[in-house]
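Enquirer: PDB, C-alpha atoms, file structure.pdb:
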```
ATOM      1  CA  MET A1166     -14.486 233.124 -89.409
ATOM      2  CA  ILE A1167     -13.852 232.761 -93.163
ATOM      3  CA  SER A1168     -15.632 235.060 -95.610
ATOM      4  CA  HIS A1169     -15.613 234.304 -99.347
ATOM      5  CA  LEU A1170     -14.850 237.826-100.498
ATOM      6  CA  ARG A1171     -11.375 238.492-101.736
ATOM      7  CA  ARG A1172      -8.902 236.316-103.542
ATOM      8  CA  SER A1173      -7.932 232.770-104.436
ATOM      9  CA  VAL A1174      -5.561 230.677-102.356
ATOM     10  CA  SER A1175      -2.280 229.338-103.710
ATOM     11  CA  PRO A1176      -2.481 226.470-106.203
ATOM     12  CA  GLY A1177      -2.549 223.083-104.509
ATOM     13  CA  LEU A1178      -4.442 224.245-101.430
ATOM     14  CA  ALA A1179      -8.082 223.447-100.899
ATOM     15  CA  TYR A1180      -9.621 226.914-101.060
ATOM     16  CA  THR A1181     -10.510 227.963-104.583
ATOM     17  CA  GLU A1182     -12.813 230.909-103.873
ATOM     18  CA  GLU A1183     -11.643 234.371-102.889
ATOM     19  CA  THR A1184     -11.355 234.531 -99.108
ATOM     20  CA  ILE A1185     -10.733 236.745 -96.143
ATOM     21  CA  MET A1186      -9.788 234.922 -92.948
ATOM     22  CA  ASN A1187     -10.844 236.705 -89.763
ATOM     23  CA  GLY A1188     -10.110 235.461 -86.253
ATOM     24  CA  LEU A1189      -7.487 234.535 -83.675
ATOM     25  CA  LEU A1190      -5.073 231.664 -84.253
ATOM     26  CA  ILE A1191      -2.755 230.237 -81.584
ATOM     27  CA  ILE A1192       0.527 228.967 -83.010
ATOM     28  CA  ASP A1193       2.892 226.680 -81.111
ATOM     29  CA  LYS A1194       6.037 228.590 -82.038
ATOM     30  CA  PRO A1195       9.089 226.424 -82.695
ATOM     31  CA  ALA A1196      12.557 227.348 -81.477
ATOM     32  CA  GLY A1197      14.970 229.207 -83.718
ATOM     33  CA  VAL A1198      12.524 231.548 -85.464
ATOM     34  CA  THR A1199      11.390 235.061 -84.614
ATOM     35  CA  SER A1200       7.790 236.077 -84.025
ATOM     36  CA  HIS A1201       8.034 238.062 -87.272
ATOM     37  CA  ASP A1202       9.066 234.862 -89.069
ATOM     38  CA  VAL A1203       5.924 233.151 -87.720
ATOM     39  CA  VAL A1204       3.714 235.997 -88.949
ATOM     40  CA  ALA A1205       5.310 235.850 -92.407
ATOM     41  CA  ARG A1206       4.813 232.100 -92.682
ATOM     42  CA  VAL A1207       1.172 232.253 -91.565
ATOM     43  CA  ARG A1208       0.524 235.022 -94.102
ATOM     44  CA  LYS A1209       1.889 232.764 -96.821
ATOM     45  CA  LEU A1210       0.115 229.606 -95.665
ATOM     46  CA  CYS A1211      -3.266 231.256 -95.116
ATOM     47  CA  GLN A1212      -2.949 233.694 -98.028
ATOM     48  CA  GLU A1213      -4.075 236.424 -95.640
ATOM     49  CA  ARG A1214      -2.264 239.773 -95.870
ATOM     50  CA  SER A1215      -3.417 241.080 -92.492
ATOM     51  CA  VAL A1216      -1.693 239.020 -89.793
ATOM     52  CA  GLY A1217      -0.121 240.271 -86.575
ATOM     53  CA  HIS A1218       1.123 238.758 -83.327
ATOM     54  CA  LEU A1219      -0.254 239.706 -79.906
ATOM     55  CA  GLY A1220       3.095 239.870 -78.119
ATOM     56  CA  THR A1221       6.479 238.514 -79.177
ATOM     57  CA  LEU A1222       8.502 235.480 -78.144
ATOM     58  CA  ASP A1223      12.301 235.398 -78.254
ATOM     59  CA  PRO A1224      13.748 233.239 -81.054
ATOM     60  CA  MET A1225      14.960 230.531 -78.642
ATOM     61  CA  ALA A1226      11.559 230.269 -76.925
ATOM     62  CA  THR A1227       8.709 227.987 -77.942
ATOM     63  CA  GLY A1228       5.005 227.821 -77.213
ATOM     64  CA  VAL A1229       1.929 230.011 -77.252
ATOM     65  CA  LEU A1230       2.014 232.808 -79.824
ATOM     66  CA  PRO A1231      -1.447 234.310 -80.468
ATOM     67  CA  LEU A1232      -1.960 235.756 -83.950
ATOM     68  CA  ALA A1233      -4.742 238.025 -85.170
ATOM     69  CA  LEU A1234      -5.909 237.490 -88.757
ATOM     70  CA  GLY A1235      -7.917 239.723 -91.062
ATOM     71  CA  ASN A1236     -10.073 242.338 -89.387
ATOM     72  CA  HIS A1237      -9.169 240.917 -85.958
ATOM     73  CA  THR A1238      -5.782 242.661 -86.233
ATOM     74  CA  ARG A1239      -7.742 245.756 -85.197
ATOM     75  CA  LEU A1240      -8.295 244.145 -81.785
ATOM     76  CA  ALA A1241      -4.570 244.078 -80.944
ATOM     77  CA  GLN A1242      -4.918 247.389 -79.083
ATOM     78  CA  PHE A1243      -7.047 245.654 -76.433
ATOM     79  CA  TYR A1244      -4.492 242.938 -75.688
ATOM     80  CA  GLY A1245      -1.773 245.157 -74.202
ATOM     81  CA  GLU A1246      -1.827 243.877 -70.624
ATOM     82  CA  THR A1247      -2.015 240.101 -70.305
ATOM     83  CA  ARG A1248      -0.516 237.619 -67.879
ATOM     84  CA  LYS A1249       1.842 235.032 -69.309
ATOM     85  CA  SER A1250       2.911 231.634 -67.966
ATOM     86  CA  TYR A1251       6.143 229.783 -68.726
ATOM     87  CA  ASP A1252       8.066 226.576 -68.097
ATOM     88  CA  GLY A1253      11.806 226.680 -68.505
ATOM     89  CA  THR A1254      15.294 225.878 -67.313
ATOM     90  CA  ILE A1255      18.137 228.006 -65.953
ATOM     91  CA  ARG A1256      21.790 227.039 -66.368
ATOM     92  CA  PHE A1257      23.975 228.110 -63.432
ATOM     93  CA  GLY A1258      27.725 228.594 -63.702
ATOM     94  CA  PHE A1259      28.065 231.472 -66.148
ATOM     95  CA  ALA A1260      26.089 234.426 -67.500
ATOM     96  CA  THR A1261      25.758 235.448 -71.161
ATOM     97  CA  ASP A1262      25.524 238.845 -72.814
ATOM     98  CA  THR A1263      21.941 238.144 -73.985
ATOM     99  CA  TYR A1264      20.936 236.492 -70.678
ATOM    100  CA  ASP A1265      20.011 233.300 -72.580
ATOM    101  CA  ALA A1266      21.610 230.329 -74.311
ATOM    102  CA  ASP A1267      21.879 232.201 -77.635
ATOM    103  CA  GLY A1268      24.391 234.661 -76.213
ATOM    104  CA  ASP A1269      28.142 234.632 -75.636
ATOM    105  CA  PRO A1270      29.487 233.795 -72.160
ATOM    106  CA  VAL A1271      30.716 236.734 -70.120
ATOM    107  CA  GLU A1272      33.670 236.654 -67.781
ATOM    108  CA  PRO A1273      32.647 235.573 -64.274
ATOM    109  CA  ALA A1274      32.780 238.232 -61.587
ATOM    110  CA  ALA A1275      35.403 238.024 -58.872
ATOM    111  CA  GLY A1276      34.336 235.800 -56.016
ATOM    112  CA  THR A1277      31.981 233.686 -58.131
ATOM    113  CA  ARG A1278      30.920 230.540 -56.280
ATOM    114  CA  ASP A1279      31.087 226.959 -57.490
ATOM    115  CA  THR A1280      27.694 225.693 -58.690
ATOM    116  CA  GLN A1281      28.268 222.524 -56.677
ATOM    117  CA  GLU A1282      27.689 224.611 -53.566
ATOM    118  CA  LEU A1283      24.104 225.381 -54.601
ATOM    119  CA  THR A1284      21.129 223.546 -53.154
ATOM    120  CA  LEU A1285      17.525 223.426 -54.340
ATOM    121  CA  ASP A1286      16.301 225.080 -51.135
ATOM    122  CA  GLU A1287      18.775 227.952 -51.514
ATOM    123  CA  ILE A1288      17.722 228.540 -55.125
ATOM    124  CA  ARG A1289      14.043 228.474 -54.152
ATOM    125  CA  ARG A1290      14.573 231.027 -51.384
ATOM    126  CA  ALA A1291      16.445 233.325 -53.758
ATOM    127  CA  ALA A1292      13.778 232.961 -56.476
ATOM    128  CA  ALA A1293      11.071 233.934 -53.978
ATOM    129  CA  THR A1294      12.689 237.371 -53.588
ATOM    130  CA  PHE A1295      11.843 238.118 -57.224
ATOM    131  CA  THR A1296       8.084 237.719 -56.791
ATOM    132  CA  GLY A1297       5.525 240.500 -56.433
ATOM    133  CA  ARG A1298       5.946 243.935 -57.975
ATOM    134  CA  ILE A1299       9.638 244.408 -58.666
ATOM    135  CA  ARG A1300      11.945 246.745 -60.558
ATOM    136  CA  GLN A1301      13.573 244.881 -63.429
ATOM    137  CA  MET A1302      16.385 245.927 -65.755
ATOM    138  CA  PRO A1303      15.732 244.813 -69.358
ATOM    139  CA  PRO A1304      18.571 242.993 -71.154
ATOM    140  CA  ASP A1305      20.842 245.036 -73.409
ATOM    141  CA  PHE A1306      19.851 242.639 -76.179
ATOM    142  CA  SER A1307      16.162 243.564 -76.135
ATOM    143  CA  ALA A1308      13.652 245.473 -78.224
ATOM    144  CA  LYS A1309      13.547 248.336 -75.729
ATOM    145  CA  LYS A1310      14.165 251.531 -77.669
ATOM    146  CA  ILE A1311      16.768 254.171 -76.900
ATOM    147  CA  LYS A1312      16.067 257.385 -78.809
ATOM    148  CA  GLY A1313      14.044 255.340 -81.278
ATOM    149  CA  VAL A1314      16.688 252.632 -81.791
ATOM    150  CA  PRO A1315      16.159 249.096 -80.419
ATOM    151  CA  ALA A1316      18.712 248.336 -77.700
ATOM    152  CA  TYR A1317      19.819 245.087 -79.371
ATOM    153  CA  LYS A1318      21.021 247.002 -82.439
ATOM    154  CA  LEU A1319      23.238 249.177 -80.250
ATOM    155  CA  ALA A1320      24.434 246.131 -78.286
ATOM    156  CA  ARG A1321      25.508 244.365 -81.485
ATOM    157  CA  LYS A1322      27.621 247.409 -82.383
ATOM    158  CA  LYS A1323      29.130 247.450 -78.874
ATOM    159  CA  GLN A1324      27.707 250.922 -78.325
ATOM    160  CA  GLU A1325      26.893 252.317 -74.890
ATOM    161  CA  ILE A1326      23.384 251.445 -73.723
ATOM    162  CA  GLU A1327      21.494 253.252 -70.989
ATOM    163  CA  LEU A1328      18.325 251.383 -70.110
ATOM    164  CA  GLU A1329      16.084 252.138 -67.161
ATOM    165  CA  ALA A1330      14.589 249.633 -64.777
ATOM    166  CA  VAL A1331      10.836 249.140 -65.163
ATOM    167  CA  GLU A1332       8.223 247.893 -62.734
ATOM    168  CA  VAL A1333       6.822 244.465 -63.533
ATOM    169  CA  GLU A1334       4.781 241.907 -61.630
ATOM    170  CA  VAL A1335       5.999 238.364 -61.046
ATOM    171  CA  ARG A1336       3.041 236.471 -59.651
ATOM    172  CA  ARG A1337       4.927 233.180 -59.434
ATOM    173  CA  PHE A1338       8.540 232.142 -59.881
ATOM    174  CA  GLU A1339       8.867 228.610 -58.563
ATOM    175  CA  VAL A1340      11.951 226.460 -58.974
ATOM    176  CA  THR A1341      10.720 222.884 -59.350
ATOM    177  CA  GLY A1342      13.993 220.968 -59.574
ATOM    178  CA  PHE A1343      17.779 221.238 -59.653
ATOM    179  CA  SER A1344      20.465 218.851 -60.889
ATOM    180  CA  ASP A1345      23.955 219.215 -62.375
ATOM    181  CA  GLY A1346      23.760 223.000 -62.473
ATOM    182  CA  LEU A1347      20.400 223.081 -64.278
ATOM    183  CA  ALA A1348      17.229 224.280 -62.530
ATOM    184  CA  SER A1349      13.708 223.830 -63.863
ATOM    185  CA  PHE A1350      11.094 226.460 -63.073
ATOM    186  CA  GLU A1351       7.543 227.678 -63.637
ATOM    187  CA  ALA A1352       6.652 231.362 -63.794
ATOM    188  CA  GLU A1353       3.619 233.600 -64.194
ATOM    189  CA  VAL A1354       4.401 237.219 -65.039
ATOM    190  CA  SER A1355       2.868 240.441 -66.304
ATOM    191  CA  SER A1356       3.340 241.842 -69.801
ATOM    192  CA  GLY A1357       6.741 243.461 -70.209
ATOM    193  CA  THR A1358       8.545 241.032 -67.891
ATOM    194  CA  TYR A1359      11.775 239.542 -69.222
ATOM    195  CA  VAL A1360      12.154 235.953 -68.009
ATOM    196  CA  ARG A1361      15.747 236.167 -69.276
ATOM    197  CA  SER A1362      16.356 238.908 -66.738
ATOM    198  CA  LEU A1363      14.860 236.783 -63.952
ATOM    199  CA  ALA A1364      17.355 234.032 -64.774
ATOM    200  CA  HIS A1365      20.285 236.453 -64.990
ATOM    201  CA  ASP A1366      19.372 238.295 -61.796
ATOM    202  CA  LEU A1367      18.867 235.030 -59.904
ATOM    203  CA  GLY A1368      22.379 233.974 -60.862
ATOM    204  CA  GLN A1369      23.762 237.285 -59.655
ATOM    205  CA  LYS A1370      21.950 237.011 -56.354
ATOM    206  CA  LEU A1371      23.330 233.513 -55.783
ATOM    207  CA  GLY A1372      26.829 234.590 -56.818
ATOM    208  CA  VAL A1373      27.299 231.924 -59.490
ATOM    209  CA  GLY A1374      26.189 233.512 -62.740
ATOM    210  CA  ALA A1375      23.261 232.102 -64.733
ATOM    211  CA  HIS A1376      21.391 232.317 -68.003
ATOM    212  CA  LEU A1377      18.091 231.119 -69.413
ATOM    213  CA  ALA A1378      18.711 227.718 -70.993
ATOM    214  CA  SER A1379      15.237 227.015 -72.390
ATOM    215  CA  LEU A1380      11.785 228.596 -72.298
ATOM    216  CA  ARG A1381       8.312 227.455 -73.284
ATOM    217  CA  ARG A1382       5.303 229.767 -72.997
ATOM    218  CA  THR A1383       2.286 227.781 -71.848
ATOM    219  CA  LYS A1384      -0.332 230.506 -71.529
ATOM    220  CA  VAL A1385      -1.083 234.067 -72.682
ATOM    221  CA  GLY A1386      -4.169 235.527 -71.045
ATOM    222  CA  GLU A1387      -6.928 232.985 -71.658
ATOM    223  CA  PHE A1388      -5.034 231.165 -74.441
ATOM    224  CA  GLU A1389      -3.295 227.914 -73.451
ATOM    225  CA  ILE A1390      -0.758 225.600 -75.047
ATOM    226  CA  ALA A1391      -3.391 222.867 -75.458
ATOM    227  CA  GLU A1392      -5.119 224.895 -78.190
ATOM    228  CA  ALA A1393      -1.938 225.928 -80.008
ATOM    229  CA  VAL A1394      -1.251 224.347 -83.397
ATOM    230  CA  SER A1395       2.003 223.629 -85.178
ATOM    231  CA  PHE A1396       2.799 224.755 -88.713
ATOM    232  CA  ASP A1397       2.333 221.175 -89.876
ATOM    233  CA  GLU A1398      -1.138 221.025 -88.339
ATOM    234  CA  LEU A1399      -2.040 224.374 -89.878
ATOM    235  CA  GLU A1400      -0.999 223.113 -93.308
ATOM    236  CA  ARG A1401      -3.118 219.975 -92.848
ATOM    237  CA  ARG A1402      -6.174 222.039 -91.878
ATOM    238  CA  ILE A1403      -5.701 224.330 -94.872
ATOM    239  CA  ALA A1404      -5.481 221.343 -97.196
ATOM    240  CA  ALA A1405      -8.719 219.993 -95.693
ATOM    241  CA  SER A1406     -10.509 223.385 -95.900
ATOM    242  CA  ASP A1407     -10.860 223.192 -92.116
ATOM    243  CA  VAL A1408      -9.001 226.269 -90.819
ATOM    244  CA  GLU A1409     -12.070 227.666 -89.072
ATOM    245  CA  SER A1410     -12.095 224.753 -86.622
ATOM    246  CA  ILE A1411      -8.716 225.830 -85.187
ATOM    247  CA  LEU A1412      -9.541 229.525 -84.918
ATOM    248  CA  ILE A1413     -10.516 230.717 -81.440
ATOM    249  CA  HIS A1414     -14.306 230.777 -81.073
ATOM    250  CA  PRO A1415     -15.479 234.399 -81.525
ATOM    251  CA  ARG A1416     -17.194 234.342 -78.115
ATOM    252  CA  ARG A1417     -13.790 233.723 -76.489
ATOM    253  CA  VAL A1418     -12.225 236.834 -77.991
ATOM    254  CA  LEU A1419     -11.473 239.454 -75.275
ATOM    255  CA  GLN A1420     -13.328 237.449 -72.639
ATOM    256  CA  THR A1421     -12.580 239.930 -69.865
ATOM    257  CA  MET A1422     -14.820 242.427 -71.676
ATOM    258  CA  PRO A1423     -18.630 242.117 -71.249
ATOM    259  CA  ALA A1424     -20.534 240.830 -74.271
ATOM    260  CA  VAL A1425     -23.970 241.711 -75.625
ATOM    261  CA  THR A1426     -25.955 240.404 -78.591
ATOM    262  CA  ALA A1427     -27.517 243.180 -80.670
ATOM    263  CA  ASN A1428     -30.630 242.960 -82.841
ATOM    264  CA  GLU A1429     -30.627 243.682 -86.577
ATOM    265  CA  GLU A1430     -31.500 247.358 -86.196
ATOM    266  CA  GLN A1431     -28.787 247.911 -83.580
ATOM    267  CA  VAL A1432     -26.218 246.092 -85.712
ATOM    268  CA  ALA A1433     -27.106 248.268 -88.712
ATOM    269  CA  PHE A1434     -26.586 251.425 -86.627
ATOM    270  CA  ILE A1435     -23.239 250.160 -85.317
ATOM    271  CA  ARG A1436     -21.988 249.258 -88.796
ATOM    272  CA  ASN A1437     -22.722 252.823 -89.847
ATOM    273  CA  GLY A1438     -20.769 254.217 -86.885
ATOM    274  CA  ARG A1439     -23.853 255.454 -85.047
ATOM    275  CA  ALA A1440     -24.386 255.397 -81.284
ATOM    276  CA  VAL A1441     -26.919 252.866 -80.070
ATOM    277  CA  ASN A1442     -28.615 251.771 -76.838
ATOM    278  CA  LEU A1443     -27.633 248.241 -75.856
ATOM    279  CA  PRO A1444     -28.975 245.944 -73.110
ATOM    280  CA  GLU A1445     -25.738 246.087 -71.116
ATOM    281  CA  LEU A1446     -26.066 247.093 -67.456
ATOM    282  CA  SER A1447     -22.535 246.741 -66.078
ATOM    283  CA  SER A1448     -20.240 249.709 -65.500
ATOM    284  CA  SER A1449     -17.673 248.529 -68.049
ATOM    285  CA  GLU A1450     -16.373 251.213 -70.402
ATOM    286  CA  LEU A1451     -15.996 248.796 -73.327
ATOM    287  CA  VAL A1452     -18.224 245.949 -74.508
ATOM    288  CA  ARG A1453     -18.114 243.330 -77.262
ATOM    289  CA  VAL A1454     -21.124 243.397 -79.560
ATOM    290  CA  TYR A1455     -22.240 240.270 -81.434
ATOM    291  CA  ALA A1456     -24.830 239.788 -84.149
ATOM    292  CA  SER A1457     -25.000 236.043 -83.461
ATOM    293  CA  GLN A1458     -23.103 233.377 -81.531
ATOM    294  CA  ARG A1459     -20.212 233.507 -83.988
ATOM    295  CA  GLU A1460     -20.226 237.020 -85.481
ATOM    296  CA  LEU A1461     -18.330 239.663 -83.542
ATOM    297  CA  VAL A1462     -19.498 242.995 -84.956
ATOM    298  CA  ALA A1463     -17.711 245.650 -82.937
ATOM    299  CA  ILE A1464     -16.124 246.900 -79.759
ATOM    300  CA  CYS A1465     -18.188 249.793 -78.413
ATOM    301  CA  ARG A1466     -17.444 252.446 -75.795
ATOM    302  CA  ARG A1467     -20.044 253.492 -73.254
ATOM    303  CA  ILE A1468     -21.082 257.130 -73.614
ATOM    304  CA  ALA A1469     -23.629 257.221 -70.803
ATOM    305  CA  GLY A1470     -25.882 254.630 -69.237
ATOM    306  CA  THR A1471     -26.704 252.080 -71.924
ATOM    307  CA  LEU A1472     -25.741 254.350 -74.842
ATOM    308  CA  PHE A1473     -22.666 253.098 -76.732
ATOM    309  CA  GLN A1474     -20.544 254.490 -79.543
ATOM    310  CA  PRO A1475     -18.681 252.100 -81.894
ATOM    311  CA  LYS A1476     -14.911 252.208 -81.299
ATOM    312  CA  VAL A1477     -13.832 249.390 -83.639
ATOM    313  CA  VAL A1478     -16.246 247.980 -86.231
ATOM    314  CA  LEU A1479     -15.232 244.594 -87.602
ATOM    315  CA  SER A1480     -17.972 243.902 -90.134
TER     316      SER A1480
END
```
Taking this structure as input, can you express it in the form of structure tokens?
Expert:
Amino acid sequence: MISHLRRSVSPGLAYTEETIMNGLLIIDKPAGVTSHDVVARVRKLCQERSVGHLGTLDPMATGVLPLALGNHTRLAQFYGETRKSYDGTIRFGFATDTYDADGDPVEPAAGTRDTQELTLDEIRRAAATFTGRIRQMPPDFSAKKIKGVPAYKLARKKQEIELEAVEVEVRRFEVTGFSDGLASFEAEVSSGTYVRSLAHDLGQKLGVGAHLASLRRTKVGEFEIAEAVSFDELERRIAASDVESILIHPRRVLQTMPAVTANEEQVAFIRNGRAVNLPELSSSELVRVYASQRELVAICRRIAGTLFQPKVVLS
């Protein structure tokens, strides 16, 4: 949703009125840039100060990176637990210090096998042992914090790192092919799962060493790669004053949460932070409140019965 309220867009782009851009945008992240880099570029392209990502991607990874723009950045708190799907490849033969292709090779452990001994069936059986709810050790080169310091900063300084294993859920980890030491795979995992660690741990289990060679995220929650746009496409839409057509439809925002359409009086109460009775009969604690098909007004918390208190007001 684009509101003509704030400031002009950079010279040469199509928007000439002052604008605020509110909504969710799915970027097809290219390899070699950080999620922060993507946010910075979208801020510049869209001339929108308030932009944030809904979960990071490693620099080497590509694919689905959902961004919240404008007042929708206030919805990030509701996107904490989402399932993610990936396609990728794993290189067997040696591990790296970062568990992926960006890292430096580490010395193979004694007794390391020859990758030529591996078979597709053996790899598939080993991968199956990493499905379900498992305890996973994050990589040293990760954003996990140790006494407030990201682990990767300590790892770069060769300082001692003491990370703890965390419980994650791997719903699917299927090896789809194997040739010349390179295995292709598909995975579906919970938030907080490191696919790099899956690759590393699989190599350890098979006794050959391994690292993540490539990774493409194909889905985050309800957002799929088919609706992701490249930077080039975003620039074209901006030039054509057509950004709204690539924003996620407001009715698809937080789809797991019940939705209700409020009347004018109810909307006025909500915008003033007042509790209001809404025609919502489920037992859900939180509901999305709309003023129309395209205007998301607020997220409200149930107080009792059909009485709701605004938790986040967007407009």
Enquirer: Could you list the residues chosen by the PyMOL selection byres ((chain A and resi 1252) around 9) in this structure as a ChimeraX atom specification?
Expert: /A:1250-1251,1253-1254,1349-1352,1379-1383
Enquirer: For the residues in the current selection, export C-alpha atoms as a CSV table (one decimal), keeping the file's coordinate frame.
Expert:
```csv
chain,number,residue,atom,x,y,z
A,1250,SER,CA,2.9,231.6,-68.0
A,1251,TYR,CA,6.1,229.8,-68.7
A,1253,GLY,CA,11.8,226.7,-68.5
A,1254,THR,CA,15.3,225.9,-67.3
A,1349,SER,CA,13.7,223.8,-63.9
A,1350,PHE,CA,11.1,226.5,-63.1
A,1351,GLU,CA,7.5,227.7,-63.6
A,1352,ALA,CA,6.7,231.4,-63.8
A,1379,SER,CA,15.2,227.0,-72.4
A,1380,LEU,CA,11.8,228.6,-72.3
A,1381,ARG,CA,8.3,227.5,-73.3
A,1382,ARG,CA,5.3,229.8,-73.0
A,1383,THR,CA,2.3,227.8,-71.8
```
Enquirer: Considering all atoms listed in the file, return as a short mmCIF file (atom, residue, chain, number, x, y, z; two decimals) with C-alpha atoms, in the coordinates of the input whatever protein or nucleic-acid residues lie within 9 Å of stretch 1229-1245 of chain A, sequence-local ones (same chain, fewer than 3 positions apart) excluded.
Expert:
```
data_model
loop_
_atom_site.label_atom_id
_atom_site.label_comp_id
_atom_site.auth_asym_id
_atom_site.auth_seq_id
_atom_site.Cartn_x
_atom_site.Cartn_y
_atom_site.Cartn_z
CA ILE A 1185 -10.73 236.74 -96.14
CA MET A 1186 -9.79 234.92 -92.95
CA ASN A 1187 -10.84 236.70 -89.76
CA GLY A 1188 -10.11 235.46 -86.25
CA LEU A 1189 -7.49 234.54 -83.68
CA LEU A 1190 -5.07 231.66 -84.25
CA ILE A 1191 -2.76 230.24 -81.58
CA ILE A 1192 0.53 228.97 -83.01
CA ASP A 1193 2.89 226.68 -81.11
CA LYS A 1194 6.04 228.59 -82.04
CA SER A 1200 7.79 236.08 -84.02
CA VAL A 1203 5.92 233.15 -87.72
CA VAL A 1204 3.71 236.00 -88.95
CA VAL A 1207 1.17 232.25 -91.56
CA ARG A 1208 0.52 235.02 -94.10
CA GLU A 1213 -4.08 236.42 -95.64
CA ARG A 1214 -2.26 239.77 -95.87
CA SER A 1215 -3.42 241.08 -92.49
CA VAL A 1216 -1.69 239.02 -89.79
CA GLY A 1217 -0.12 240.27 -86.58
CA HIS A 1218 1.12 238.76 -83.33
CA LEU A 1219 -0.25 239.71 -79.91
CA GLY A 1220 3.10 239.87 -78.12
CA THR A 1221 6.48 238.51 -79.18
CA LEU A 1222 8.50 235.48 -78.14
CA SER A 1356 3.34 241.84 -69.80
CA ARG A 1381 8.31 227.46 -73.28
CA ARG A 1382 5.30 229.77 -73.00
CA THR A 1383 2.29 227.78 -71.85
CA LYS A 1384 -0.33 230.51 -71.53
CA VAL A 1385 -1.08 234.07 -72.68
CA GLY A 1386 -4.17 235.53 -71.04
CA PHE A 1388 -5.03 231.16 -74.44
CA GLU A 1389 -3.30 227.91 -73.45
CA ILE A 1390 -0.76 225.60 -75.05
CA GLU A 1392 -5.12 224.90 -78.19
CA ALA A 1393 -1.94 225.93 -80.01
CA VAL A 1394 -1.25 224.35 -83.40
CA LEU A 1419 -11.47 239.45 -75.28
CA ILE A 1464 -16.12 246.90 -79.76
CA VAL A 1477 -13.83 249.39 -83.64
CA VAL A 1478 -16.25 247.98 -86.23
CA LEU A 1479 -15.23 244.59 -87.60
CA SER A 1480 -17.97 243.90 -90.13
#
```
Enquirer: Hey, what comes out of the PyMOL selection byres ((chain A and resi 1417) around 12) on this file? Could you write it as a list in words?
Expert: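 When the PyMOL selection byres ((chain A and resi 1417) around 12) is applied, the selected residues are Gly1188, Leu1189, Leu1190, Gly1386, Glu1387, Phe1388, Leu1412, Ile1413, His1414, Pro1415, Arg1416, Val1418, Leu1419, Gln1420, Thr1421, Met1422, Pro1423, Ala1424, Arg1453, Tyr1455, Gln1458, Arg1459, Glu1460 and Leu1461 of chain A.
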Enquirer: List, as a count of residues only, every residue that the PyMOL selection byres ((chain A and resi 1432) around 12) selects in the file provided.
Expert: 34
Enquirer: Please return as a list in words every residue within 10 Å of (6.1, 250.4, -66.8), taking into account all atoms listed in the file and the file's own coordinates.
Expert: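 Applying the cut-off with all atoms listed in the file, one gets Arg1300, Gln1301, Ala1330, Val1331, Glu1332, Val1333, Ser1356, Gly1357 and Thr1358 of chain A.
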Enquirer: Quick one: distance from atom CA of A:Asp1223 to atom CA of A:Thr1247 in Å, one decimal?
Expert: 17.0 Å
Enquirer: Skipping near chain neighbours, those fewer than 2 positions away, what residues fall within 8 Å of stretch 1282-1285 of chain A using all atoms listed in the file, listed as a PyMOL selection string?
Expert: chain A and resi 1278-1280+1287-1289+1340+1342-1343
